[in-house]
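Enquirer: My structure is in run12.csv, and what it holds is CSV, C-alpha atoms and all ligand atoms:
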chain,number,residue,atom,x,y,z
A,1,MET,CA,-68.9,68.9,-6.4
A,2,ALA,CA,-65.8,68.3,-4.4
A,3,SER,CA,-66.1,64.6,-4.8
A,4,ALA,CA,-66.3,64.9,-8.6
A,5,ARG,CA,-63.0,66.8,-8.6
A,6,LEU,CA,-61.5,64.2,-6.3
A,7,GLU,CA,-62.4,61.3,-8.5
A,8,ASN,CA,-60.4,62.7,-11.3
A,9,SER,CA,-57.5,63.7,-9.4
A,10,VAL,CA,-56.2,60.6,-7.6
A,11,SER,CA,-54.1,58.2,-9.6
A,12,ALA,CA,-53.0,54.8,-8.3
A,13,GLN,CA,-49.5,55.5,-9.7
A,14,ALA,CA,-49.2,58.7,-7.7
A,15,ILE,CA,-50.1,56.8,-4.5
A,16,ARG,CA,-47.5,54.1,-5.4
A,17,ASN,CA,-44.9,56.8,-5.9
A,18,GLY,CA,-45.6,57.9,-2.3
A,19,ASP,CA,-47.1,61.3,-3.3
A,20,ARG,CA,-48.4,62.5,0.0
A,21,ARG,CA,-51.0,64.9,-1.4
A,22,ALA,CA,-52.4,62.1,-3.5
A,23,LEU,CA,-52.5,59.9,-0.5
A,24,ALA,CA,-54.3,62.4,1.6
A,25,ARG,CA,-56.8,63.0,-1.2
A,26,ALA,CA,-57.4,59.3,-1.6
A,27,ILE,CA,-58.1,59.0,2.1
A,28,THR,CA,-60.5,61.9,1.9
A,29,LEU,CA,-62.2,60.1,-1.0
A,30,THR,CA,-62.8,57.0,1.1
A,31,GLU,CA,-64.3,59.2,3.8
A,32,SER,CA,-66.9,60.7,1.4
A,33,THR,CA,-70.4,59.3,1.6
A,34,SER,CA,-71.4,60.1,-2.0
A,35,ALA,CA,-72.1,57.0,-4.1
A,36,LYS,CA,-69.8,58.4,-6.9
A,37,ALA,CA,-66.9,59.0,-4.6
A,38,ARG,CA,-67.3,55.6,-3.1
A,39,ALA,CA,-67.3,53.9,-6.5
A,40,ALA,CA,-64.1,55.9,-7.4
A,41,SER,CA,-62.5,55.0,-4.1
A,42,GLU,CA,-63.4,51.3,-4.6
A,43,GLU,CA,-61.9,51.3,-8.0
A,44,LEU,CA,-58.7,53.0,-6.8
A,45,LEU,CA,-58.4,50.5,-3.9
A,46,THR,CA,-59.0,47.6,-6.1
A,47,SER,CA,-56.1,48.6,-8.4
A,48,LEU,CA,-53.9,49.1,-5.4
A,49,LEU,CA,-54.8,45.9,-3.6
A,50,PRO,CA,-51.8,43.9,-5.0
A,51,TYR,CA,-49.5,46.4,-3.4
A,52,THR,CA,-50.9,46.2,0.0
A,53,GLY,CA,-50.5,43.8,3.0
A,54,SER,CA,-46.7,43.9,3.6
A,55,SER,CA,-46.6,46.3,6.5
A,56,ILE,CA,-46.4,45.6,10.2
A,57,ARG,CA,-49.9,46.6,11.4
A,58,ILE,CA,-49.8,47.7,15.1
A,59,GLY,CA,-52.8,48.5,17.2
A,60,ILE,CA,-52.2,50.9,20.1
A,61,SER,CA,-54.9,51.5,22.7
A,62,GLY,CA,-55.2,52.9,26.2
A,63,ALA,CA,-57.2,55.1,28.5
A,64,PRO,CA,-57.1,58.9,27.9
A,65,GLY,CA,-53.8,60.4,29.1
A,66,VAL,CA,-52.0,57.0,29.5
A,67,GLY,CA,-49.3,58.2,27.1
A,68,LYS,CA,-50.3,57.0,23.6
A,69,SER,CA,-49.3,60.1,21.7
A,70,THR,CA,-46.0,60.5,23.6
A,71,LEU,CA,-45.2,56.8,22.9
A,72,ILE,CA,-46.1,56.9,19.2
A,73,GLU,CA,-44.1,60.1,18.7
A,74,ALA,CA,-41.0,58.4,20.3
A,75,LEU,CA,-41.6,55.1,18.5
A,76,GLY,CA,-42.0,57.0,15.3
A,77,ALA,CA,-38.7,58.7,15.7
A,78,HIS,CA,-37.1,55.3,16.5
A,79,VAL,CA,-38.5,53.3,13.5
A,80,THR,CA,-38.0,56.1,11.0
A,81,GLY,CA,-34.5,56.4,12.3
A,82,MET,CA,-34.0,52.8,11.1
A,83,GLY,CA,-35.1,53.7,7.6
A,84,ARG,CA,-38.7,52.6,7.9
A,85,LYS,CA,-41.7,54.6,7.0
A,86,LEU,CA,-44.5,54.9,9.6
A,87,ALA,CA,-48.1,55.9,9.2
A,88,VAL,CA,-50.4,56.6,12.1
A,89,LEU,CA,-54.2,56.3,11.7
A,90,ALA,CA,-56.7,57.0,14.4
A,91,ILE,CA,-59.9,55.4,15.4
A,92,ASP,CA,-61.6,58.0,17.6
A,93,PRO,CA,-65.1,57.4,18.7
A,94,SER,CA,-66.6,60.7,17.6
A,95,SER,CA,-68.5,61.3,20.8
A,96,ARG,CA,-65.4,61.8,22.8
A,97,ARG,CA,-64.1,65.0,21.4
A,98,SER,CA,-65.7,67.1,18.6
A,99,GLY,CA,-63.6,66.8,15.6
A,100,GLY,CA,-61.5,64.2,17.5
A,101,SER,CA,-58.1,64.7,16.0
A,102,ILE,CA,-54.7,63.3,16.8
A,103,LEU,CA,-53.2,66.2,14.8
A,104,GLY,CA,-54.8,68.6,17.2
A,105,ASP,CA,-52.4,67.0,19.7
A,106,LYS,CA,-49.7,69.3,18.5
A,107,THR,CA,-47.6,69.3,21.6
A,108,ARG,CA,-46.8,65.6,21.5
A,109,MET,CA,-46.9,64.5,17.9
A,110,GLU,CA,-45.6,67.6,16.2
A,111,GLN,CA,-42.1,66.2,15.4
A,112,LEU,CA,-43.7,63.2,13.8
A,113,ALA,CA,-46.1,65.3,11.9
A,114,ARG,CA,-43.1,67.1,10.3
A,115,ASN,CA,-41.1,63.9,9.7
A,116,PRO,CA,-40.9,63.2,5.9
A,117,ASN,CA,-41.0,59.4,6.6
A,118,ALA,CA,-44.1,59.6,8.7
A,119,PHE,CA,-47.7,60.2,7.8
A,120,ILE,CA,-50.4,61.0,10.4
A,121,ARG,CA,-54.0,60.9,9.6
A,122,PRO,CA,-56.6,61.8,12.2
A,123,SER,CA,-59.9,60.0,12.4
A,124,PRO,CA,-62.8,61.5,10.4
A,125,ALA,CA,-64.9,63.6,12.7
A,126,GLY,CA,-68.6,63.2,13.4
A,127,VAL,CA,-68.8,59.6,12.3
A,128,ALA,CA,-70.0,56.6,14.3
A,129,LEU,CA,-67.5,53.9,15.2
A,130,GLY,CA,-68.6,51.5,12.5
A,131,GLY,CA,-68.0,54.2,9.8
A,132,VAL,CA,-64.6,55.1,11.2
A,133,ALA,CA,-63.5,51.5,11.3
A,134,ARG,CA,-64.6,51.0,7.7
A,135,ARG,CA,-62.6,54.0,6.5
A,136,THR,CA,-59.6,53.2,8.6
A,137,ARG,CA,-59.4,49.8,6.9
A,138,ASP,CA,-59.4,51.6,3.5
A,139,ALA,CA,-56.8,54.1,4.7
A,140,LEU,CA,-54.6,51.3,6.0
A,141,LEU,CA,-54.5,49.8,2.5
A,142,LEU,CA,-53.8,53.2,1.0
A,143,VAL,CA,-50.8,53.9,3.2
A,144,GLU,CA,-49.4,50.5,2.6
A,145,ALA,CA,-49.7,51.0,-1.2
A,146,ALA,CA,-47.9,54.3,-0.7
A,147,GLY,CA,-44.9,52.4,0.8
A,148,PHE,CA,-45.5,52.8,4.6
A,149,ASP,CA,-44.1,49.6,6.1
A,150,VAL,CA,-45.2,50.2,9.7
A,151,VAL,CA,-48.7,51.3,10.4
A,152,VAL,CA,-50.0,52.3,13.8
A,153,VAL,CA,-53.8,52.3,14.3
A,154,GLU,CA,-54.4,54.2,17.5
A,155,THR,CA,-57.5,54.4,19.6
A,156,VAL,CA,-58.5,55.7,23.0
A,157,GLY,CA,-59.6,52.9,25.1
A,158,VAL,CA,-63.3,53.5,25.8
A,159,GLY,CA,-64.8,50.2,25.0
A,160,GLN,CA,-65.6,48.8,21.5
A,161,SER,CA,-63.0,50.8,19.6
A,162,GLU,CA,-60.3,48.3,20.9
A,163,THR,CA,-62.1,45.5,19.2
A,164,ALA,CA,-62.3,47.4,16.0
A,165,VAL,CA,-58.5,48.2,16.1
A,166,ALA,CA,-57.7,44.6,17.0
A,167,SER,CA,-59.8,43.4,14.0
A,168,MET,CA,-57.5,45.2,11.6
A,169,THR,CA,-54.0,45.0,13.0
A,170,ASP,CA,-51.4,42.2,13.5
A,171,VAL,CA,-50.1,43.1,17.0
A,172,PHE,CA,-52.2,44.7,19.6
A,173,VAL,CA,-50.5,46.8,22.2
A,174,LEU,CA,-52.4,47.8,25.3
A,175,LEU,CA,-51.1,50.8,27.3
A,176,ILE,CA,-51.6,50.8,31.0
A,177,GLY,CA,-50.8,53.6,33.5
A,178,PRO,CA,-48.4,52.9,36.4
A,179,GLY,CA,-51.2,53.2,39.0
A,180,ALA,CA,-52.7,50.1,37.4
A,181,GLY,CA,-53.6,47.9,40.4
A,182,ASP,CA,-57.1,49.5,40.4
A,183,GLU,CA,-57.2,49.8,36.7
A,184,LEU,CA,-56.8,46.0,36.5
A,185,GLN,CA,-60.1,45.7,38.3
A,186,GLY,CA,-61.9,48.1,36.0
A,187,LEU,CA,-60.4,46.8,32.8
A,188,LYS,CA,-62.7,44.6,30.8
A,189,ARG,CA,-61.4,41.1,30.5
A,190,GLY,CA,-62.3,41.2,26.8
A,191,VAL,CA,-59.8,44.0,26.3
A,192,MET,CA,-57.0,42.1,28.1
A,193,GLU,CA,-57.7,39.1,25.9
A,194,LEU,CA,-57.0,41.2,22.8
A,195,ALA,CA,-53.5,42.2,24.1
A,196,ASP,CA,-50.4,40.8,22.6
A,197,ILE,CA,-48.2,43.2,24.5
A,198,VAL,CA,-49.2,45.1,27.6
A,199,LEU,CA,-47.1,48.2,28.1
A,200,VAL,CA,-46.9,49.9,31.4
A,201,THR,CA,-46.2,53.6,30.7
A,202,LYS,CA,-44.5,56.3,32.7
A,203,ALA,CA,-42.2,53.9,34.5
A,204,ASP,CA,-40.1,56.7,35.9
A,205,GLY,CA,-39.6,59.0,38.9
A,206,ASN,CA,-42.2,58.5,41.6
A,207,PHE,CA,-44.1,56.1,39.4
A,208,GLN,CA,-41.3,53.6,39.0
A,209,GLN,CA,-42.3,51.2,41.9
A,210,ALA,CA,-46.0,51.4,41.1
A,211,ALA,CA,-45.1,50.6,37.4
A,212,ALA,CA,-43.1,47.6,38.4
A,213,ARG,CA,-46.0,46.4,40.6
A,214,ALA,CA,-48.5,47.0,37.8
A,215,ALA,CA,-46.3,45.0,35.4
A,216,ALA,CA,-46.2,42.1,37.8
A,217,ASP,CA,-50.0,42.2,38.3
A,218,TYR,CA,-50.6,42.2,34.6
A,219,ALA,CA,-48.1,39.4,34.0
A,220,HIS,CA,-50.0,37.4,36.5
A,221,ALA,CA,-53.4,38.2,35.1
A,222,LEU,CA,-52.2,37.3,31.6
A,223,HIS,CA,-50.8,34.0,32.9
A,224,VAL,CA,-54.1,32.8,34.2
A,225,MET,CA,-56.0,33.8,31.1
A,226,ARG,CA,-56.6,31.8,28.0
A,227,PRO,CA,-53.8,32.6,25.7
A,228,LYS,CA,-54.6,34.2,22.3
A,229,TYR,CA,-52.0,32.0,20.5
A,230,PRO,CA,-51.1,28.6,21.8
A,231,SER,CA,-47.4,29.0,21.0
A,232,LEU,CA,-46.9,32.7,21.6
A,233,ALA,CA,-47.4,34.2,25.0
A,234,ALA,CA,-48.5,37.8,25.5
A,235,GLN,CA,-45.8,39.9,27.3
A,236,VAL,CA,-45.7,42.8,29.7
A,237,LEU,CA,-43.1,45.6,29.3
A,238,GLN,CA,-42.4,48.8,31.1
A,239,VAL,CA,-41.5,52.0,29.3
A,240,SER,CA,-40.6,55.6,30.1
A,241,VAL,CA,-40.5,57.9,27.2
A,242,LEU,CA,-39.7,60.8,29.5
A,243,GLU,CA,-36.4,59.1,30.6
A,244,GLY,CA,-35.9,57.3,27.3
A,245,ARG,CA,-36.0,53.8,28.8
A,246,GLY,CA,-37.6,50.7,27.3
A,247,LEU,CA,-38.5,52.1,23.9
A,248,LYS,CA,-36.1,50.0,21.8
A,249,GLU,CA,-37.3,47.0,23.7
A,250,VAL,CA,-40.9,47.9,22.8
A,251,TRP,CA,-40.0,48.0,19.1
A,252,SER,CA,-38.1,44.7,19.4
A,253,ALA,CA,-41.0,43.0,21.1
A,254,VAL,CA,-43.5,44.2,18.5
A,255,HIS,CA,-41.1,43.2,15.7
A,256,GLU,CA,-40.4,39.8,17.1
A,257,PHE,CA,-44.0,39.1,17.8
A,258,HIS,CA,-44.8,39.9,14.3
A,259,SER,CA,-42.0,37.8,12.9
A,260,ALA,CA,-43.1,34.8,15.0
A,261,LEU,CA,-46.7,35.2,13.8
A,262,ARG,CA,-45.5,35.3,10.2
A,263,ASN,CA,-43.2,32.3,10.6
A,264,SER,CA,-45.8,30.1,12.2
A,265,GLY,CA,-48.4,30.9,9.5
A,266,GLU,CA,-50.6,32.5,12.1
A,267,LEU,CA,-50.3,35.9,10.5
A,268,SER,CA,-52.0,34.7,7.3
A,269,SER,CA,-54.8,33.0,9.1
A,270,LEU,CA,-55.3,36.1,11.3
A,271,ARG,CA,-55.5,38.3,8.3
A,272,ALA,CA,-57.9,35.9,6.5
A,273,GLN,CA,-60.1,35.9,9.6
A,274,GLN,CA,-60.0,39.7,9.6
A,275,LEU,CA,-61.0,39.9,6.0
A,276,ASP,CA,-63.8,37.6,6.7
A,277,ILE,CA,-65.1,39.9,9.5
A,278,TRP,CA,-64.7,42.9,7.2
A,279,PHE,CA,-66.6,41.1,4.4
A,280,GLY,CA,-69.4,40.2,6.8
A,281,GLN,CA,-69.6,43.8,8.1
A,282,GLU,CA,-69.7,45.2,4.6
A,283,LEU,CA,-72.5,42.9,3.6
A,284,GLU,CA,-74.6,44.0,6.6
A,285,GLN,CA,-73.7,47.6,6.0
A,286,ILE,CA,-74.3,47.7,2.3
A,287,LEU,CA,-77.5,45.7,2.6
A,288,SER,CA,-79.0,48.1,5.1
A,289,GLU,CA,-77.9,51.0,2.9
A,290,TYR,CA,-79.8,49.5,-0.1
A,291,LEU,CA,-82.8,48.9,2.1
A,292,PHE,CA,-83.1,52.5,3.4
A,293,GLU,CA,-82.4,54.1,0.0
A,294,ASP,CA,-86.0,53.1,-0.9
A,295,PRO,CA,-88.2,55.7,0.9
A,296,GLU,CA,-91.1,53.4,1.1
A,297,ILE,CA,-89.0,50.7,2.7
A,298,ALA,CA,-87.6,53.3,5.1
A,299,GLN,CA,-91.1,54.2,6.0
A,300,GLU,CA,-92.1,50.6,6.5
A,301,ALA,CA,-89.0,50.1,8.6
A,302,ALA,CA,-90.0,53.0,10.9
A,303,GLN,CA,-93.5,51.5,11.4
A,304,MET,CA,-92.0,48.1,12.1
A,305,ARG,CA,-89.7,49.7,14.6
A,306,ASP,CA,-92.6,51.4,16.4
A,307,ARG,CA,-94.3,48.0,16.7
A,308,VAL,CA,-91.1,46.4,17.9
A,309,LEU,CA,-90.7,49.1,20.6
A,310,MET,CA,-94.3,48.7,21.7
A,311,GLY,CA,-93.6,45.0,22.3
A,312,ASP,CA,-96.1,44.2,19.6
A,313,LEU,CA,-93.8,42.5,17.2
A,314,LEU,CA,-90.7,40.3,17.5
A,315,PRO,CA,-87.5,42.1,16.3
A,316,SER,CA,-86.5,39.1,14.1
A,317,ALA,CA,-90.0,38.8,12.6
A,318,ALA,CA,-90.0,42.6,11.8
A,319,ALA,CA,-86.6,42.3,10.1
A,320,ARG,CA,-87.7,39.3,8.1
A,321,ASN,CA,-90.9,41.0,7.0
A,322,LEU,CA,-89.0,44.1,6.0
A,323,LEU,CA,-86.5,42.1,3.9
A,324,HIS,CA,-89.4,40.2,2.3
A,325,SER,CA,-91.1,43.5,1.3
A,326,PHE,CA,-87.7,44.7,-0.1
A,327,ARG,CA,-87.4,41.6,-2.2
A,328,VAL,CA,-90.9,41.8,-3.5
A,329,ARG,CA,-90.6,45.5,-4.3
A,330,THR,CA,-87.1,45.6,-5.8
A,331,PRO,CA,-86.4,44.0,-9.1
A,332,LEU,CA,-82.9,42.6,-9.3
A,333,HIS,CA,-81.6,45.2,-11.7
A,334,ARG,CA,-82.5,48.0,-9.3
A,335,ALA,CA,-80.4,46.3,-6.6
A,336,ALA,CA,-77.3,46.5,-8.7
A,337,PRO,CA,-74.5,48.6,-7.2
A,338,PRO,CA,-74.6,52.3,-8.2
A,339,LYS,CA,-72.2,52.9,-11.1
A,401,LIG,N1,-43.6,60.8,33.7
A,401,LIG,C1,-44.0,60.5,32.5
A,401,LIG,N2,-45.0,61.1,31.9
A,401,LIG,C2,-45.4,60.8,30.6
A,401,LIG,C3,-44.7,59.8,29.9
A,401,LIG,N3,-45.3,59.7,28.7
A,401,LIG,C4,-46.4,60.6,28.7
A,401,LIG,N4,-46.4,61.3,29.8
A,401,LIG,C5,-47.3,62.4,30.2
A,401,LIG,O1,-48.7,61.9,30.3
A,401,LIG,C6,-49.6,62.9,29.8
A,401,LIG,C7,-50.5,62.3,28.7
A,401,LIG,O2,-49.7,61.9,27.6
A,401,LIG,P1,-50.3,61.7,26.2
A,401,LIG,O3,-49.2,61.1,25.3
A,401,LIG,O4,-50.9,62.9,25.7
A,401,LIG,O5,-51.4,60.6,26.4
A,401,LIG,P2,-52.5,60.1,25.4
A,401,LIG,O6,-52.8,58.7,25.8
A,401,LIG,O7,-52.2,60.4,24.0
A,401,LIG,O8,-53.8,61.0,25.8
A,401,LIG,P3,-55.1,61.2,25.0
A,401,LIG,O9,-54.8,61.6,23.6
A,401,LIG,O10,-55.8,62.4,25.7
A,401,LIG,O11,-55.9,60.0,25.1
A,401,LIG,C8,-48.7,64.0,29.3
A,401,LIG,O12,-48.7,65.0,30.3
A,401,LIG,C9,-47.3,63.4,29.1
A,401,LIG,O13,-46.3,64.3,29.3
A,401,LIG,C10,-43.6,59.2,30.5
A,401,LIG,O14,-42.9,58.3,29.9
A,401,LIG,N5,-43.3,59.5,31.8
A,402,MG,MG,-53.2,61.4,22.5
Could I get this structure in the form of structure tokens?
Ligand SMILES: Nc1nc2c(ncn2[C@@H]2O[C@H](COP(=O)(O)OP(=O)(O)OP(=O)(O)O)[C@@H](O)[C@H]2O)c(=O)[nH]1
Ligand SMILES: [Mg+2]
Expert:
Amino acid sequence: MASARLENSVSAQAIRNGDRRALARAITLTESTSAKARAASEELLTSLLPYTGSSIRIGISGAPGVGKSTLIEALGAHVTGMGRKLAVLAIDPSSRRSGGSILGDKTRMEQLARNPNAFIRPSPAGVALGGVARRTRDALLLVEAAGFDVVVVETVGVGQSETAVASMTDVFVLLIGPGAGDELQGLKRGVMELADIVLVTKADGNFQQAAARAAADYAHALHVMRPKYPSLAAQVLQVSVLEGRGLKEVWSAVHEFHSALRNSGELSSLRAQQLDIWFGQELEQILSEYLFEDPEIAQEAAQMRDRVLMGDLLPSAAARNLLHSFRVRTPLHRAAPPK
């Protein structure tokens, strides 16, 4: 089995040495659904945990075509040019494109893909958002242990994926197109509330005036919103990658925002909060995996669901009944994690 081979082949030391093949294999291991691979991956991550956490974790999101890949490519060249190492991970809701892959985006990330100080990892294909988020968190720890000190988690803005990205990054950058007056109407307030930096893209040529207007509109919208941090205001910037304007400022803004969070102690409370969310999600996820591993429980669950859908049974009562059956049927030793 491929996973058995993988388990033996990834050493924590190789990851710490920055061995890219080991890193890629370790990420593949976290994506495997086999119980053995998962145990191996958890063991690897546990031994690497002390070497994680020191990167600047940046979330980047925006509508399809807004300029995410173009910006990340340019930003990547800029930060690696300063001697940093940059990793790009993607959260791509799998429904959007089959095999959703930022690597497939050859035209705009190909330089970065060849850059020895950059590492690009596409989102695993065919997995629901919850699964992708879980694996991306693991991948984030792995790239940190491998010495990447700037990590970008990218997602296309289609709804919930922004929340997932914001729940695992330090600074959330929302990209907005220059024709944004109308977009502002359509944009969910919740997404705006996540933004630390709003970046109006393509502020060049014919778009320049529209971009300036959009920037003013967004600055106003942010101003009237409840701030995310009491002492640190979200900001709006304009960028043109095409004309090479505003890129340095974007990096400075991200870097300064991050430093401010760190100095005020808000970074450590943010990360603690994120770990809490992660823990809660894992509890729910693993609990339901245990439940459905038992075929009789799975069958009972299907029956309960039918009754719920018929309006015959309250969802909370059904869930409680099911957990009760599970507890009665499952001796504690069987509920131990698979070794
Ligand atoms: N004028 C102008 N066009 C840009 C700029 N940045 C990106 N574009 C163009 O916008 C289009 C989309 O850019 P991408 O970087 O692929 O956008 P994306 O957000 O990654 O798109 P998806 O991956 O499909 O969600 C491309 O045709 C780019 O050339 C810019 O600064 N100025
Ligand atoms: Mg793209």
Enquirer: Pick out the residues sitting within 8 Å of A:Gly177, and hand them over as a ChimeraX atom specification; count only C-alpha atoms, and ignore anything fewer than 3 positions along from it in its own chain.
Expert: /A:66,180,200-202,211
Enquirer: Report as an MDAnalysis selection string which protein, DNA and RNA residues come within 10 Å of ligand LIG 401 (chain A), using only C-alpha atoms and all ligand atoms.
Expert: chainID A and resid 60:74 92 96:97 100:102 104:109 154:158 175:178 200:208 238:247
Enquirer: For stretch 52-54 of chain A, please output as a PyMOL selection string all residues within 12 Å (counting only C-alpha atoms; exclusion window: fewer than 2 positions along the same chain).
Expert: chain A and resi 15-16+45-50+56-57+137-151+168-170+258+262+267-268+271-272+275
Enquirer: I'd like the interatomic distance between atom CA of A:Ala219 and atom CA of A:Gln235, to a tenth of an Å.
Expert: 7.1 Å
Enquirer: Could you jot down the atom CA of A:Thr30 to atom CA of A:Arg135 separation for me, Å, one decimal place?
Expert: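 Atom CA of A:Arg135 lies 6.2 Å from atom CA of A:Thr30.
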Enquirer: Would you please work out which residue, of A:Glu289, A:Asp312, A:Asp19, A:Glu110, is nearest to ligand MG 402 (chain A) when using all atoms listed in the file?
Expert: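 Of the candidates, the smallest distance to ligand MG 402 (chain A) is held by A:Glu110.
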Enquirer: Using atom CA of A:Ala90 and atom CA of A:Ala26 as the two end points, give the distance in Å to one decimal.
Expert: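 Pair atom CA of A:Ala90 / atom CA of A:Ala26 returns 16.2 Å.
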Enquirer: Since the input has fewer atoms than a full residue there, write stretch 282-293 of chain A out with N, CA and C atoms, as a compact mmCIF listing (two decimals), keeping the file's coordinate frame.
Expert:
# COMPACT_ATOMS: atom_id res chain seq x y z
N GLU A 282 -69.31 44.50 5.83
CA GLU A 282 -69.70 45.20 4.60
C GLU A 282 -71.02 44.73 4.08
N LEU A 283 -71.19 43.41 4.11
CA LEU A 283 -72.50 42.90 3.60
C LEU A 283 -73.62 43.45 4.41
N GLU A 284 -73.51 43.44 5.73
CA GLU A 284 -74.60 44.00 6.60
C GLU A 284 -74.81 45.45 6.28
N GLN A 285 -73.67 46.18 6.21
CA GLN A 285 -73.70 47.60 6.00
C GLN A 285 -74.36 47.99 4.69
N ILE A 286 -73.87 47.36 3.64
CA ILE A 286 -74.30 47.70 2.30
C ILE A 286 -75.78 47.27 2.11
N LEU A 287 -76.10 46.13 2.66
CA LEU A 287 -77.50 45.70 2.60
C LEU A 287 -78.43 46.66 3.22
N SER A 288 -78.07 47.15 4.40
CA SER A 288 -79.00 48.10 5.10
C SER A 288 -79.00 49.43 4.34
N GLU A 289 -77.87 49.79 3.70
CA GLU A 289 -77.90 51.00 2.90
C GLU A 289 -78.87 50.90 1.74
N TYR A 290 -78.82 49.77 1.06
CA TYR A 290 -79.80 49.50 -0.10
C TYR A 290 -81.20 49.60 0.43
N LEU A 291 -81.41 48.97 1.56
CA LEU A 291 -82.80 48.90 2.10
C LEU A 291 -83.32 50.34 2.28
N PHE A 292 -82.54 51.16 2.98
CA PHE A 292 -83.10 52.50 3.40
C PHE A 292 -83.01 53.51 2.28
N GLU A 293 -82.35 53.16 1.18
CA GLU A 293 -82.40 54.10 0.00
C GLU A 293 -83.80 54.19 -0.52
